[in-house]
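Structure data (PDB, C-alpha atoms) from model_30.pdb:
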ATOM      1  CA  MET A 426     -60.321 -51.017   0.359
ATOM      2  CA  PRO A 427     -57.888 -51.802  -2.521
ATOM      3  CA  TRP A 428     -55.185 -49.676  -0.883
ATOM      4  CA  PHE A 429     -55.770 -51.336   2.489
ATOM      5  CA  PHE A 430     -55.747 -54.838   0.983
ATOM      6  CA  TRP A 431     -52.432 -54.419  -0.824
ATOM      7  CA  SER A 432     -50.901 -52.677   2.178
ATOM      8  CA  LEU A 433     -51.963 -55.654   4.285
ATOM      9  CA  VAL A 434     -50.316 -57.999   1.775
ATOM     10  CA  LEU A 435     -47.018 -56.089   1.942
ATOM     11  CA  VAL A 436     -47.086 -55.913   5.732
ATOM     12  CA  THR A 437     -47.823 -59.662   5.815
ATOM     13  CA  TRP A 438     -44.807 -60.235   3.566
ATOM     14  CA  ILE A 439     -42.607 -58.278   5.964
ATOM     15  CA  ALA A 440     -44.097 -60.151   8.911
ATOM     16  CA  GLY A 441     -43.399 -63.463   7.166
ATOM     17  CA  ALA A 442     -39.769 -62.432   6.649
ATOM     18  CA  ILE A 443     -39.471 -61.685  10.365
ATOM     19  CA  GLY A 444     -40.820 -65.092  11.298
ATOM     20  CA  PHE A 445     -44.077 -66.699  12.294
ATOM     21  CA  GLY A 446     -43.467 -66.206  16.017
ATOM     22  CA  TRP A 447     -43.321 -62.404  15.804
ATOM     23  CA  GLY A 448     -44.897 -61.740  12.439
ATOM     24  CA  TRP A 449     -48.466 -61.491  13.697
ATOM     25  CA  ILE A 450     -47.327 -58.827  16.186
ATOM     26  CA  VAL A 451     -46.076 -56.684  13.275
ATOM     27  CA  VAL A 452     -49.439 -56.995  11.520
ATOM     28  CA  ALA A 453     -51.346 -56.207  14.726
ATOM     29  CA  ILE A 454     -49.195 -53.141  15.474
ATOM     30  CA  TRP A 455     -49.727 -51.842  11.929
ATOM     31  CA  ILE A 456     -53.506 -52.232  12.202
ATOM     32  CA  LEU A 457     -53.631 -50.579  15.630
ATOM     33  CA  SER A 458     -51.386 -47.759  14.419
ATOM     34  CA  GLY A 459     -54.373 -46.368  12.511
ATOM     35  CA  ALA A 460     -55.389 -44.692  15.765
ATOM     36  CA  LEU A 461     -52.464 -42.287  15.277
ATOM     37  CA  SER A 462     -54.283 -40.722  12.321
ATOM     38  CA  PHE A 463     -56.830 -39.242  14.755
ATOM     39  CA  LEU A 464     -54.207 -37.203  16.617
ATOM     40  CA  PRO A 465     -54.502 -33.450  15.863
ATOM     41  CA  ALA A 466     -50.850 -33.149  14.883
ATOM     42  CA  THR A 467     -50.980 -36.014  12.376
ATOM     43  CA  GLU A 468     -52.392 -33.911   9.527
ATOM     44  CA  ASP A 469     -49.679 -31.257   9.856
ATOM     45  CA  LEU A 470     -46.927 -33.890  10.005
ATOM     46  CA  MET A 471     -48.310 -35.646   6.910
ATOM     47  CA  ALA A 472     -48.607 -32.350   5.055
ATOM     48  CA  ARG A 473     -45.061 -31.244   5.861
ATOM     49  CA  TYR A 474     -43.074 -34.473   5.634
ATOM     50  CA  LEU A 475     -45.066 -36.845   3.416
ATOM     51  CA  PHE A 476     -46.522 -34.371   0.910
ATOM     52  CA  ARG A 477     -43.729 -31.761   1.197
ATOM     53  CA  LEU A 478     -46.195 -28.899   1.677
ATOM     54  CA  ARG A 479     -45.709 -25.566   3.410
ATOM     55  CA  LYS A 480     -47.987 -22.948   4.859
ATOM     56  CA  PRO A 481     -48.591 -19.932   2.579
ATOM     57  CA  THR A 482     -46.813 -16.691   3.418
ATOM     58  CA  LEU A 483     -48.760 -13.549   4.319
ATOM     59  CA  VAL A 484     -48.513 -12.269   0.740
ATOM     60  CA  GLU A 485     -49.697 -15.641  -0.585
ATOM     61  CA  GLN A 486     -52.567 -15.687   1.899
ATOM     62  CA  GLN A 487     -53.687 -12.293   0.607
ATOM     63  CA  ARG A 488     -53.698 -13.657  -2.930
ATOM     64  CA  LEU A 489     -55.455 -16.894  -1.996
ATOM     65  CA  GLY A 490     -57.962 -15.336   0.417
ATOM     66  CA  PRO A 491     -60.584 -13.826  -1.944
ATOM     67  CA  ALA A 492     -60.645 -16.828  -4.315
ATOM     68  CA  TRP A 493     -60.781 -19.304  -1.433
ATOM     69  CA  HIS A 494     -63.529 -17.414   0.408
ATOM     70  CA  HIS A 495     -65.687 -17.164  -2.721
ATOM     71  CA  LEU A 496     -65.168 -20.854  -3.463
ATOM     72  CA  LEU A 497     -66.246 -21.905   0.035
ATOM     73  CA  GLN A 498     -69.407 -19.817  -0.269
ATOM     74  CA  ARG A 499     -70.180 -21.319  -3.661
ATOM     75  CA  ALA A 500     -69.579 -24.879  -2.453
ATOM     76  CA  GLY A 501     -71.507 -24.345   0.790
ATOM     77  CA  VAL A 502     -68.504 -25.267   2.945
ATOM     78  CA  ARG A 503     -67.987 -23.756   6.388
ATOM     79  CA  GLU A 504     -65.106 -21.273   6.696
ATOM     80  CA  GLY A 505     -62.205 -22.748   8.660
ATOM     81  CA  ARG A 506     -63.100 -26.368   7.953
ATOM     82  CA  PHE A 507     -60.076 -26.792   5.677
ATOM     83  CA  SER A 508     -56.578 -25.319   5.801
ATOM     84  CA  LEU A 509     -54.678 -24.111   2.735
ATOM     85  CA  TRP A 510     -51.137 -25.282   1.980
ATOM     86  CA  VAL A 511     -48.705 -24.751  -0.908
ATOM     87  CA  GLN A 512     -46.787 -27.394  -2.855
ATOM     88  CA  GLU A 513     -43.548 -26.363  -4.555
ATOM     89  CA  SER A 514     -44.528 -27.717  -7.955
ATOM     90  CA  ASP A 515     -44.968 -26.480 -11.524
ATOM     91  CA  ASP A 516     -47.902 -28.828 -12.146
ATOM     92  CA  VAL A 517     -51.505 -27.718 -12.549
ATOM     93  CA  ASN A 518     -52.751 -29.432  -9.398
ATOM     94  CA  ALA A 519     -51.162 -30.513  -6.169
ATOM     95  CA  THR A 520     -51.056 -34.059  -4.858
ATOM     96  CA  PRO A 521     -54.461 -34.982  -3.356
ATOM     97  CA  THR A 522     -54.270 -34.789   0.419
ATOM     98  CA  PRO A 523     -56.393 -36.423   3.136
ATOM     99  CA  GLY A 524     -58.171 -34.871   6.096
ATOM    100  CA  HIS A 525     -58.643 -31.101   6.229
ATOM    101  CA  VAL A 526     -55.548 -30.189   4.183
ATOM    102  CA  VAL A 527     -56.133 -28.544   0.790
ATOM    103  CA  ALA A 528     -53.014 -27.805  -1.271
ATOM    104  CA  THR A 529     -52.372 -25.717  -4.348
ATOM    105  CA  THR A 530     -49.229 -25.583  -6.438
ATOM    106  CA  ARG A 531     -46.771 -22.735  -6.687
ATOM    107  CA  TRP A 532     -47.462 -22.564 -10.438
ATOM    108  CA  ALA A 533     -51.189 -22.038  -9.893
ATOM    109  CA  LEU A 534     -50.592 -19.530  -7.100
ATOM    110  CA  TYR A 535     -48.177 -17.270  -9.000
ATOM    111  CA  THR A 536     -49.342 -17.749 -12.594
ATOM    112  CA  LEU A 537     -53.137 -17.900 -12.664
ATOM    113  CA  PRO A 538     -55.463 -14.895 -12.578
ATOM    114  CA  PRO A 539     -57.988 -14.857  -9.687
ATOM    115  CA  ALA A 540     -60.822 -16.602 -11.571
ATOM    116  CA  HIS A 541     -58.522 -19.366 -12.804
ATOM    117  CA  LEU A 542     -56.919 -19.734  -9.373
ATOM    118  CA  GLU A 543     -60.380 -20.215  -7.886
ATOM    119  CA  ALA A 544     -61.084 -22.959 -10.445
ATOM    120  CA  ALA A 545     -57.811 -24.708  -9.571
ATOM    121  CA  LEU A 546     -58.721 -24.486  -5.873
ATOM    122  CA  ALA A 547     -62.154 -25.923  -6.716
ATOM    123  CA  HIS A 548     -60.456 -29.048  -8.090
ATOM    124  CA  GLU A 549     -58.373 -29.389  -4.925
ATOM    125  CA  LEU A 550     -61.398 -28.880  -2.677
ATOM    126  CA  SER A 551     -63.395 -31.386  -4.702
ATOM    127  CA  HIS A 552     -61.108 -34.166  -3.490
ATOM    128  CA  HIS A 553     -62.620 -33.576  -0.037
ATOM    129  CA  LEU A 554     -66.277 -33.070  -0.899
ATOM    130  CA  GLY A 555     -68.801 -35.823  -0.277
ATOM    131  CA  GLY A 556     -66.656 -37.634   2.309
ATOM    132  CA  ARG A 557     -65.515 -37.575   5.912
ATOM    133  CA  ALA A 558     -62.163 -36.086   6.882
ATOM    134  CA  TRP A 559     -61.408 -38.748   9.497
ATOM    135  CA  LEU A 560     -62.164 -41.519   7.000
ATOM    136  CA  SER A 561     -59.833 -40.044   4.370
ATOM    137  CA  LEU A 562     -57.082 -39.754   6.989
ATOM    138  CA  LEU A 563     -57.532 -43.358   8.103
ATOM    139  CA  SER A 564     -57.654 -44.534   4.504
ATOM    140  CA  PHE A 565     -54.432 -42.738   3.629
ATOM    141  CA  TRP A 566     -52.682 -44.022   6.741
ATOM    142  CA  TYR A 567     -53.402 -47.636   5.826
ATOM    143  CA  SER A 568     -52.407 -46.994   2.205
ATOM    144  CA  ILE A 569     -48.844 -45.888   3.035
ATOM    145  CA  PRO A 570     -47.252 -49.391   2.656
ATOM    146  CA  ALA A 571     -48.990 -49.888  -0.707
ATOM    147  CA  ARG A 572     -47.884 -46.422  -1.876
ATOM    148  CA  CYS A 573     -44.291 -47.241  -0.885
ATOM    149  CA  GLY A 574     -44.594 -50.492  -2.834
ATOM    150  CA  LEU A 575     -45.907 -48.540  -5.828
ATOM    151  CA  ILE A 576     -42.906 -46.193  -5.703
ATOM    152  CA  ALA A 577     -40.551 -49.185  -5.461
ATOM    153  CA  ALA A 578     -42.268 -50.881  -8.421
ATOM    154  CA  ARG A 579     -41.823 -47.744 -10.542
ATOM    155  CA  GLY A 580     -38.164 -47.549  -9.558
ATOM    156  CA  ILE A 581     -37.561 -51.189 -10.492
ATOM    157  CA  ALA A 582     -39.379 -50.690 -13.806
ATOM    158  CA  ARG A 583     -37.142 -47.702 -14.645
ATOM    159  CA  LEU A 584     -34.042 -49.713 -13.696
ATOM    160  CA  ILE A 585     -35.127 -52.614 -15.913
ATOM    161  CA  ARG A 586     -35.595 -50.276 -18.894
ATOM    162  CA  ARG A 587     -32.235 -48.569 -18.398
ATOM    163  CA  VAL A 588     -30.183 -51.712 -17.617
ATOM    164  CA  PRO A 589     -31.694 -54.725 -19.431
ATOM    165  CA  ALA A 590     -29.157 -57.138 -17.901
ATOM    166  CA  VAL A 591     -30.296 -56.215 -14.394
ATOM    167  CA  GLY A 592     -33.885 -56.582 -15.538
ATOM    168  CA  CYS A 593     -33.226 -60.111 -16.774
ATOM    169  CA  LEU A 594     -31.660 -61.030 -13.439
ATOM    170  CA  ILE A 595     -34.588 -59.609 -11.466
ATOM    171  CA  VAL A 596     -37.202 -61.285 -13.658
ATOM    172  CA  GLY A 597     -35.316 -64.583 -13.583
ATOM    173  CA  PHE A 598     -35.042 -64.493  -9.800
ATOM    174  CA  LEU A 599     -38.741 -63.741  -9.372
ATOM    175  CA  VAL A 600     -39.757 -66.535 -11.756
ATOM    176  CA  MET A 601     -37.511 -69.061  -9.994
ATOM    177  CA  ALA A 602     -38.832 -67.948  -6.595
ATOM    178  CA  TYR A 603     -42.430 -68.377  -7.758
ATOM    179  CA  VAL A 604     -41.735 -71.829  -9.221
ATOM    180  CA  GLY A 605     -40.079 -72.859  -5.962
ATOM    181  CA  LEU A 606     -43.007 -71.549  -3.955
ATOM    182  CA  ALA A 607     -45.477 -73.372  -6.206
ATOM    183  CA  LEU A 608     -43.584 -76.672  -5.847
ATOM    184  CA  ALA A 609     -43.483 -76.269  -2.055
ATOM    185  CA  VAL A 610     -47.201 -75.502  -1.884
ATOM    186  CA  PHE A 611     -48.222 -78.489  -3.992
ATOM    187  CA  ALA A 612     -45.796 -80.782  -2.155
ATOM    188  CA  LEU A 613     -47.127 -79.790   1.264
ATOM    189  CA  GLY A 614     -50.751 -79.605   0.128
ATOM    190  CA  TYR A 615     -51.563 -76.283   1.840
ATOM    191  CA  GLY A 616     -50.730 -72.597   1.675
ATOM    192  CA  ARG A 617     -52.186 -72.038  -1.808
ATOM    193  CA  ILE A 618     -53.148 -68.511  -0.777
ATOM    194  CA  TRP A 619     -49.447 -67.615  -0.940
ATOM    195  CA  LEU A 620     -49.422 -68.299  -4.679
ATOM    196  CA  PHE A 621     -51.930 -65.476  -5.054
ATOM    197  CA  LEU A 622     -50.294 -63.175  -2.508
ATOM    198  CA  TYR A 623     -46.962 -63.563  -4.311
ATOM    199  CA  LEU A 624     -48.498 -62.155  -7.499
ATOM    200  CA  THR A 625     -50.294 -59.202  -5.902
ATOM    201  CA  PRO A 626     -47.269 -56.821  -5.923
ATOM    202  CA  PHE A 627     -47.161 -57.252  -9.718
ATOM    203  CA  ILE A 628     -50.917 -56.854 -10.164
ATOM    204  CA  ALA A 629     -51.392 -53.992  -7.702
ATOM    205  CA  PRO A 630     -49.258 -51.149  -9.204
ATOM    206  CA  PRO A 631     -51.223 -50.732 -12.486
ATOM    207  CA  PHE A 632     -54.545 -50.970 -10.645
ATOM    208  CA  LEU A 633     -53.551 -48.477  -7.939
ATOM    209  CA  ALA A 634     -52.209 -46.069 -10.577
ATOM    210  CA  TRP A 635     -55.558 -46.338 -12.384
ATOM    211  CA  LEU A 636     -57.307 -45.646  -9.064
ATOM    212  CA  ASN A 637     -55.282 -42.437  -8.643
ATOM    213  CA  ARG A 638     -56.230 -41.320 -12.151
ATOM    214  CA  TRP A 639     -59.885 -42.063 -11.391
ATOM    215  CA  HIS A 640     -59.735 -39.888  -8.249
ATOM    216  CA  VAL A 641     -58.351 -36.966 -10.267
ATOM    217  CA  LYS A 642     -61.166 -37.246 -12.810
ATOM    218  CA  GLN A 643     -63.740 -37.509 -10.024
ATOM    219  CA  ALA A 644     -62.444 -34.233  -8.576
ATOM    220  CA  ASP A 645     -62.690 -32.674 -12.047
ATOM    221  CA  ARG A 646     -66.318 -33.825 -12.304
ATOM    222  CA  LYS A 647     -67.215 -32.262  -8.962
ATOM    223  CA  ALA A 648     -65.477 -29.000  -9.849
ATOM    224  CA  ALA A 649     -67.308 -28.880 -13.188
ATOM    225  CA  GLN A 650     -70.651 -29.543 -11.496
ATOM    226  CA  MET A 651     -69.984 -26.537  -9.261
ATOM    227  CA  GLY A 652     -69.638 -24.426 -12.400
ATOM    228  CA  TYR A 653     -65.850 -24.348 -12.800
ATOM    229  CA  GLY A 654     -65.604 -26.728 -15.747
ATOM    230  CA  GLU A 655     -65.014 -24.194 -18.540
ATOM    231  CA  THR A 656     -62.533 -22.179 -16.486
ATOM    232  CA  LEU A 657     -60.649 -25.310 -15.435
ATOM    233  CA  VAL A 658     -60.341 -26.333 -19.095
ATOM    234  CA  GLN A 659     -58.746 -22.943 -19.769
ATOM    235  CA  VAL A 660     -56.343 -23.573 -16.883
ATOM    236  CA  LEU A 661     -55.317 -26.925 -18.377
ATOM    237  CA  TYR A 662     -54.773 -25.409 -21.821
ATOM    238  CA  GLY A 663     -52.762 -22.573 -20.286
ATOM    239  CA  TRP A 664     -50.519 -25.031 -18.429
ATOM    240  CA  GLN A 665     -50.107 -27.045 -21.620
ATOM    241  CA  MET A 666     -49.046 -23.989 -23.618
ATOM    242  CA  GLN A 667     -46.651 -22.701 -20.955
ATOM    243  CA  HIS A 668     -44.942 -26.074 -20.510
ATOM    244  CA  GLN A 669     -45.113 -26.954 -24.232
ATOM    245  CA  GLN A 670     -46.841 -30.237 -23.463
ATOM    246  CA  THR A 671     -48.999 -32.183 -25.907
ATOM    247  CA  LEU A 672     -52.613 -32.817 -24.998
ATOM    248  CA  GLY A 673     -52.107 -36.564 -25.147
ATOM    249  CA  ARG A 674     -49.466 -38.618 -23.369
ATOM    250  CA  GLU A 675     -46.172 -38.550 -25.211
ATOM    251  CA  THR A 676     -44.721 -41.293 -22.995
ATOM    252  CA  SER A 677     -44.633 -45.023 -23.641
ATOM    253  CA  ARG A 678     -47.592 -47.302 -23.050
ATOM    254  CA  LYS A 679     -45.990 -48.689 -19.882
ATOM    255  CA  ASP A 680     -45.593 -45.186 -18.484
ATOM    256  CA  GLN A 681     -49.203 -44.449 -19.324
ATOM    257  CA  VAL A 682     -50.389 -47.507 -17.383
ATOM    258  CA  MET A 683     -48.296 -46.535 -14.353
ATOM    259  CA  SER A 684     -49.128 -42.809 -14.452
ATOM    260  CA  ASN A 685     -50.951 -41.274 -11.480
ATOM    261  CA  THR A 686     -52.318 -38.414 -13.586
ATOM    262  CA  PRO A 687     -54.764 -38.691 -16.502
ATOM    263  CA  ALA A 688     -53.791 -37.274 -19.874
ATOM    264  CA  LEU A 689     -54.933 -33.708 -20.506
ATOM    265  CA  THR A 690     -57.335 -34.963 -23.175
ATOM    266  CA  GLU A 691     -58.992 -37.254 -20.613
ATOM    267  CA  ARG A 692     -59.340 -34.426 -18.113
ATOM    268  CA  VAL A 693     -60.731 -32.012 -20.688
ATOM    269  CA  SER A 694     -63.279 -34.622 -21.842
ATOM    270  CA  THR A 695     -64.273 -35.303 -18.234
ATOM    271  CA  LEU A 696     -64.774 -31.593 -17.547
ATOM    272  CA  GLU A 697     -66.800 -31.067 -20.707
ATOM    273  CA  GLN A 698     -69.084 -34.018 -19.978
ATOM    274  CA  ALA A 699     -69.559 -33.156 -16.307
ATOM    275  CA  GLY A 700     -70.287 -29.516 -17.094
ATOM    276  CA  THR A 701     -73.544 -30.526 -18.759
ATOM    277  CA  GLN A 702     -74.841 -32.331 -15.662
ATOM    278  CA  ALA A 703     -77.002 -30.798 -12.953
ATOM    279  CA  PRO A 704     -74.976 -29.483  -9.995
ATOM    280  CA  PRO A 705     -75.299 -31.646  -6.858
ATOM    281  CA  ASN A 706     -75.807 -30.440  -3.306
ATOM    282  CA  TRP A 707     -72.491 -30.864  -1.469
ATOM    283  CA  SER A 708     -73.755 -29.634   1.898
TER     284      SER A 708
END
Could I get this file's structure written as structure tokens?
Amino acid sequence: MPWFFWSLVLVTWIAGAIGFGWGWIVVAIWILSGALSFLPATEDLMARYLFRLRKPTLVEQQRLGPAWHHLLQRAGVREGRFSLWVQESDDVNATPTPGHVVATTRWALYTLPPAHLEAALAHELSHHLGGRAWLSLLSFWYSIPARCGLIAARGIARLIRRVPAVGCLIVGFLVMAYVGLALAVFALGYGRIWLFLYLTPFIAPPFLAWLNRWHVKQADRKAAQMGYGETLVQVLYGWQMQHQQTLGRETSRKDQVMSNTPALTERVSTLEQAGTQAPPNWS
């Protein structure tokens, strides 16, 4: 719901820029476009062009096969329900994907021993457990405008840090625009909702980034409750040692707030706490 709400706000902004006569048509088309997420080809198109994934080669399938098969048996998931993809990344985990697409990173595929690879796959699969594939697809589809806004907000934030003069101009323009909007609203006596909608693009990015971090930790909890907690901790420490990363975040506080990924210390703590809980029934 948060993703849908802020996507709706951004689409409404675009519709307002087009004009009142045609703006509602833009909003209606965007809402109706959710039906496209139910097309069979939508998942493959999202995987290839939005998430930059690829299908594993025959050699990679042979390496993934035993770990994936054992994981599905352990999780009680039907064979063939999900499809495996590969992300060209040196991170521990791939970007969470909707629907029936489960991705692993190139680093995990070529670096981890079989038991550790299975634990990494357990984290990826855990993003899909306890939910409906069609609902995750629909949710992601409606979140695309908000995700684009989040990327734009990060880009503007980086520009402001690198070029302070440009940052002052942007901030000054936004403040003047908000003051003008407030004066117009109070002069006309209606449209106060726009004062709130104007602020949402500045409130949304930190909250949506926190939501992404929460999803990652939820997947860690599920993987730990399936019995992969200790092994997944070893995977995280191995990635940390190979990439010479600190366990905490070495970035600034602003970067921490806008990060999509929890710090390694947060993930390790989550895995350790969840590993002591009773395993749930995912079937």
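When only C-alpha atoms are used to compute distances to Ile456 (chain A), the closest of the residues A:Ile439, A:Leu563, A:Ala500, A:Met426 turns out to be A:Leu563.
Taking CA of Trp510 (chain A) as the reference point, CA of Pro523 (chain A) is found at 12.4 Å.
Of the listed residues A:Ser508, A:Gln667, A:Asn518, A:Gln659, the one whose atoms come nearest to Asp469 (chain A) is A:Ser508, with distances taken using all atoms listed in the file.
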* To do: Return the single residue from A:Val588, A:Leu457, A:Ala577, A:Leu489 that is closest to Leu542 (chain A), with distances computed using all atoms listed in the file.
  => A:Leu489
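Between CA of Lys642 (chain A) and CA of Leu696 (chain A) the separation is 8.2 Å.
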Apply the PyMOL selection byres ((chain A and resi 539) around 9) to the structure shown and report the selected residues as a PDB file with C-alpha atoms, in the frame of the given file.
ATOM      1  CA  ARG A 488     -53.698 -13.657  -2.930  1.00  0.00           C
ATOM      2  CA  LEU A 489     -55.455 -16.894  -1.996  1.00  0.00           C
ATOM      3  CA  PRO A 491     -60.584 -13.826  -1.944  1.00  0.00           C
ATOM      4  CA  ALA A 492     -60.645 -16.828  -4.315  1.00  0.00           C
ATOM      5  CA  LEU A 537     -53.137 -17.900 -12.664  1.00  0.00           C
ATOM      6  CA  PRO A 538     -55.463 -14.895 -12.578  1.00  0.00           C
ATOM      7  CA  ALA A 540     -60.822 -16.602 -11.571  1.00  0.00           C
ATOM      8  CA  HIS A 541     -58.522 -19.366 -12.804  1.00  0.00           C
ATOM      9  CA  LEU A 542     -56.919 -19.734  -9.373  1.00  0.00           C
ATOM     10  CA  GLU A 543     -60.380 -20.215  -7.886  1.00  0.00           C
ATOM     11  CA  ALA A 544     -61.084 -22.959 -10.445  1.00  0.00           C
TER      12      ALA A 544
END
* Quick one: pull the distance between CA of Ile581 (chain A) and CA of Ile595 (chain A), Å, one decimal. => 9.0 Å
* To do: Compile the contact shell of Thr522 (chain A) as JSON, numbers by chain: residues with an atom at most 10 Å away, counting all atoms listed in the file, same-chain residues fewer than 4 positions apart removed.
  => {"A": [468, 471, 472, 475, 476, 526, 527, 528, 549, 550, 552, 553, 561, 562, 565]}
* Would you write out, as JSON, numbers by chain, every residue that the PyMOL selection byres ((chain A and resi 569) around 12) captures in this file? => {"A": [428, 429, 430, 431, 432, 433, 435, 436, 455, 458, 459, 462, 471, 475, 476, 562, 563, 564, 565, 566, 567, 568, 570, 571, 572, 573, 574, 575, 576]}
* Between A:Leu483, A:Leu497, A:Leu633, A:Val452, which has the minimum distance to Leu554 (chain A) (counting only C-alpha atoms)? -> A:Leu497
* To do: Expand the PyMOL selection byres ((chain A and resi 689) around 12) into the individual residues it matches in the shown file, reporting them as an MDAnalysis selection string.
  => chainID A and resid 516:517 638 641:642 645 657:666 670:675 686:688 690:696
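Proximity ranking of A:Val511, A:Ala644, A:Ala629, A:Ala607 relative to Val434 (chain A) places A:Ala629 first, based on all atoms listed in the file.
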* Write out as an NGL selection string the residues lying within 10 Å of His494 (chain A), counting all atoms listed in the file and excluding same-chain residues fewer than 5 positions away. => :A and (489 or 499 or 502-505 or 543)
